[in-house]
Structure formats: structure tokens, C-alpha cells
Amino acid sequence: MSIPLSYSLRARLLFFLLAAILLGALVQGAIAYRSTLAQADDIFDSLLQRTALSLGTGDGLLSTGPRHALGAGSPVADDLIIQIWTPDGVRVFNSRSRRPLPDQIILGFSDAKMQGSTYRVYSLATPFQVIQVAQDMAVRKDMARALALRTVAPIAAAAPLLMLIIWCVVSWSLRPVKRARAQVAARQPEDLSPISVRGLPDEIRPLVQELNLLLERMHGAFALQKQFVGDAAHELRSPLAALRLQLQALQRAGDADGRQLAEQRLAAGIDRATRLVEQLLSMARHESAAGHAPAEAVDLADVLRQAVSETLPQANAKSITVDLDGAPQAWVQGHRDALALLARNLLDNAVKYTPEGKRIRLHLEQAAGQAVLQVDDEGPGIAPEERERVFDRFYRIEGNTQHGSGLGLAIARAIAARHGATIALQDAPSGQGLRVKVVFPT
């Protein structure tokens with residue numbers, strides 16, 4: 001059986017509620033009808049019995065006649081057939097001479113067929129007479145059916161009224177949902193403002209609140225993306241303009257020395273632009289992949305060895321020694337590629353700002369519940385008042401002579417936050433340089 005992909009909550013509620021009311025009315029009507037019929041049978045049997053008892057309670061019965069005893073003009077009495085017999089078996093009275101009851105008398109209640117009709121008969125024997133009181137079953141059933149229909153009529157009248165009330169209540173209750181749907185449908189793509197939860201039922205309110213949280217996150221993500229694109233466009237404008245100037249200088253160079261110098265400056269400009277684009281792409285890839293890939297156990301020591309091997313050519317070019325010591329293994333839950341990008345950015349910064357012939361030390365340790373990574377360099381360091389601002393995108397310290405994009409530490413902090421880690425800048429223990437300390441939960 002195929003399952004429908006979508007359905008109307010209003011239609012489903014109305015269908016099941018109205019069907020339940022209709023089914024309940026039918027069942028209640030059927031029960032009331034059968035109960036009324038059974039009660040009518042008991043009432044008519046009691047009438048036959050009381051009539052026979054009233055006829056057998058006096059000596060002046062024959063003179064007064066049965067109609068006087070029953071009450072002349074009574075509609076029930078007019079439907080009864082009464083026969084009275086003497087103890088000798090002589091019939092002395094018959095209220096319907098053209099339809100006599102059978103001569104065979106069965107005391108108590110019995111059914112008798114006569115001239116194509118069935119009669120309910122009650123017979124009573126007294127010391128002076130035998131009394132038979134009978135009633136046509138067809139007449140009895142018609143009267144019982146009329147009573148039963150009068151009992152069922154209120155139920156039949158109330159069911160449509162109740163269904164109409166349910167229809168109105170369901171439609172009125174779902175109006176806030178319809179209003180929220182219309183509010184969302186009328187929105188422009190760039191409108192990420194929260195949806196009003198006023199008047200929404202408790203069952204729908206959490207869904208709309210979660211949707212508002214999603215809209216808030218999307219608004220923040222779009223704002224960051226817009227800021228990132230604007231900052232990237234601004235940052236790319238300067239190196240591209242510098243490349244154009246350097247190309248023009250190369251074209252105007254008149255001698256070999258001038259041409260060689262222009263080529264070197266152009267190559268350096270291309271390297272800086274390439275580095276900036278790589279970091280921009282790394283930032284974009286990290287932000288787009290955040291929260292999608294499942295975390296796994298990653299050995300930080302192995303990640304650091306990979307980062308050192310990738311940055312070693314730049315360190316060798318400046319005769320910088322890179323030491324890696326500490327724990328041989330440190331396992332954390334995370335994403336290997338992102339952690340490798342974090343370590344590589346920290347090492348790139350350390351190599352960039354460490355003077356030639358100096359040393360960079362990487363230390364890894366794993367204590368109870370956490371893994372700690374420390375990167376110490378012997379560069380100029382960062383003033384305490386600047387240590388928070390350098391984590392902002394594209395921020396560079398005033399007077400910094402090194403060319404950079406200002407994205408390395410911003411990428412490192414974003415990756416650390418994604419892994420639940422903290423990153424802090426401190427003075428190096430040697431008294432000169434900077435220590436970058438990253439603490440991971442294990």
C-alpha cells in the first residue's frame with residue numbers, strides 16, 4: 001500500500017472526527033432503538049398482564065364489561081382482544097367476535113397465529129373464570145417502532161449539529177497555522193526575520209520557534225558570507241593592483257638588472273596573491289564543511305608531523321630550526337583535514353615572523369581530559385592589547401612589515417571553536433617571541 005507523501009492536517013482531523021461522530025451516533029442510535037423495542041415489549045406484556053388481573057378482581061365483571069374496566073376510548077384498550085371462559089369451558093365474553101382466540105388455553109404468556117396474524121396472548125385462571133387478553137403483534141411492533149424512532153430522533157438531529165460545531169472548531173483552531181503559512185509564503189527570499197508565534201497552538205509553536213532559530217542562523221551565516229565576500233574583494237584589490245604595477249615596471253625596465261629586480265618583485269607579488277587566495281579558499285571550505293562531516297579519532301602528533309613536513313621548505317629557506325617534542329600520541333575527536341589546516345596556519349605564521357637562523361618549538365602533551373598544543377617562536381611577538389584583535393579576519397597590526405592576508409589566526413580560531421578547543425596568545429617562555437596555546441578536550 002502506497003503512503004501519501006503529503007496530506008492536509010485539517011482534512012485529516014475533520015475526516016476522523018466527523019467519522020467518529022457519525023459512527024458514534026449510529027451505534028448509539030442502534031443501541032437506543034433496540035433498547036426501546038425491548039422496553040416496549042416489556043411494557044406491552046405488563047399491560048396485558050395488568051388488564052387480565054383487573055378483569056379477574058370482581059364479581060360484577062360480566063355486567064360492567066371489559067371496556068369499563070379498561071377505560072373506554074383508551075387507544076391501547078381498543079387494540080386488545082379479550083375472551084372470558086367459565087370453569088366449565090363455556091366462553092361467556094369475546095370483545096372481537098369476528099376474530100376469536102384459539103380455544104386451547106395456555107396459562108401465562110404465549111404466541112398464537114390466527115387468520116394470518118400473530119398475537120401475543122396472556123391467560124389467567126381464577127376460581128370463577130379464565131381470562132385471555134391478546135394483542136396483534138403487528139400493531140405492537142408499529143407502536144414500539146414509533147416509540148423507538150422518537151427516542152432516536154434527538155440523536156439523529158444532534159449528530160449533524162455536532163458535526164457542524166466540530167467543523168467550525170477545527171477550522172477556527174487551525175487559523176493561526178494558516179496565517180503563519182501565509183506569512184511565510186508572502187516573504188521575499190532575503191527576508192529572514194522571525195515568524196510571529198502569537199496565537200499558535202502549543203503543538204505548532206515549538207516547530208515555528210525552531211524555524212525561527214534556523215532563520216536566525218541563516219541570517220548570521222549570510223551576514224558572515226556577505227562580510228567575507230566584501231572583505232575578500234577589498235583585500236584582493238590591493239595585491240592585484242600591485243601585480244599590475246609590477247608588471248608595468250617589468251615592461252619599462254631598460255637594463256638586465258632592473259628587469260631582474262622587477263621580475264623578483266612580480267614573483268613575490270604573485271606568491272602573496274596566491275597565498276591570499278589559498279587562505280580565502282581554505283576559509284570558505286572550512287565554513288561550508290562545518291557541521292557536515294562526522295567527527296573521528298585523530299592523532300594530533302601525526303597531524304603536527306604532517307604540518308611540519310609541509311612548512312619545512314619555507315623554514316629551511318630562512319635557516320629556521322623546527323623542533324617537535326612532547327607526547328608521541330595525543331588523540332582527540334575531530335576532523336583531520338581541519339586540524340591539519342589549523343596546525344599549518346600556526347606554523348606558517350611562526351615561520352613568517354621568526355627571524356632567520358632562529359628556532360620554532362612545537363610541544364604536545366596529553367593530560368587528564370585534554371590535549372595541549374604549544375607553538376613557540378622567537379619573533380617580535382604581539383602586544384597584549386592586540387592579541388584579541390589579531391583573530392579578526394583581515395586584521396593586521398599597524399606597522400607590521402610582513403606581508404599577509406590577516407586570515408591565518410582567524411581560520412585557526414574558527415577550527416578550534418568547531419572542535420570545542422580554546423586558543424590563546426601568550427609571551428614565549430624565552431622572553432622573546434610568541435606562544436600560541438591550543439587546548440583540546442579529549
# chains A, B, ... in the order shown; residues from 1 in each chain; ligands from 1
call {"tool": "residues_around", "arguments": {"residues": "Gln246 in chain A", "least_positions_apart": "4", "cutoff": "9 Å", "atoms": "only C-alpha atoms", "output": "ChimeraX atom specification"}}
result
/A:241-242,250-251,262-263,265-266,269
call {"tool": "write_last_selection", "arguments": {"atoms": "N, CA and C atoms", "output": "short mmCIF file (atom, residue, chain, number, x, y, z; two decimals), in the first residue's frame"}}
result
data_model
loop_
_atom_site.label_atom_id
_atom_site.label_comp_id
_atom_site.auth_asym_id
_atom_site.auth_seq_id
_atom_site.Cartn_x
_atom_site.Cartn_y
_atom_site.Cartn_z
N ALA A 241 46.26 45.14 -7.77
CA ALA A 241 46.79 46.43 -8.25
C ALA A 241 48.31 46.44 -8.19
N ALA A 242 48.89 45.82 -7.13
CA ALA A 242 50.35 45.76 -7.04
C ALA A 242 50.92 44.91 -8.16
N LEU A 250 58.08 45.94 -14.95
CA LEU A 250 58.85 44.96 -15.72
C LEU A 250 58.89 45.34 -17.20
N GLN A 251 57.78 45.81 -17.71
CA GLN A 251 57.74 46.19 -19.11
C GLN A 251 58.61 47.42 -19.40
N ALA A 262 62.57 43.70 -11.22
CA ALA A 262 61.13 43.74 -11.47
C ALA A 262 60.54 42.33 -11.49
N GLU A 263 61.27 41.39 -12.05
CA GLU A 263 60.77 40.00 -12.09
C GLU A 263 60.68 39.42 -10.69
N ARG A 265 60.21 41.13 -7.88
CA ARG A 265 59.07 41.74 -7.21
C ARG A 265 57.74 41.19 -7.73
N LEU A 266 57.69 40.94 -9.04
CA LEU A 266 56.46 40.37 -9.61
C LEU A 266 56.22 38.96 -9.08
N GLY A 269 55.00 39.24 -5.58
CA GLY A 269 53.60 39.65 -5.57
C GLY A 269 52.67 38.52 -5.94
#
call {"tool": "closest_residue", "arguments": {"among": "A:Gln129, A:Ser95, A:Gln135, A:Ser309", "to": "Lys113 in chain A", "atoms": "only C-alpha atoms"}}
result
A:Gln135
call {"tool": "residues_around", "arguments": {"residues": "Thr321 in chain A", "least_positions_apart": "2", "cutoff": "7 Å", "atoms": "only C-alpha atoms", "output": "list in words"}}
result
Ser319, Asp323, Lys358, Arg359 and Ile360 of chain A
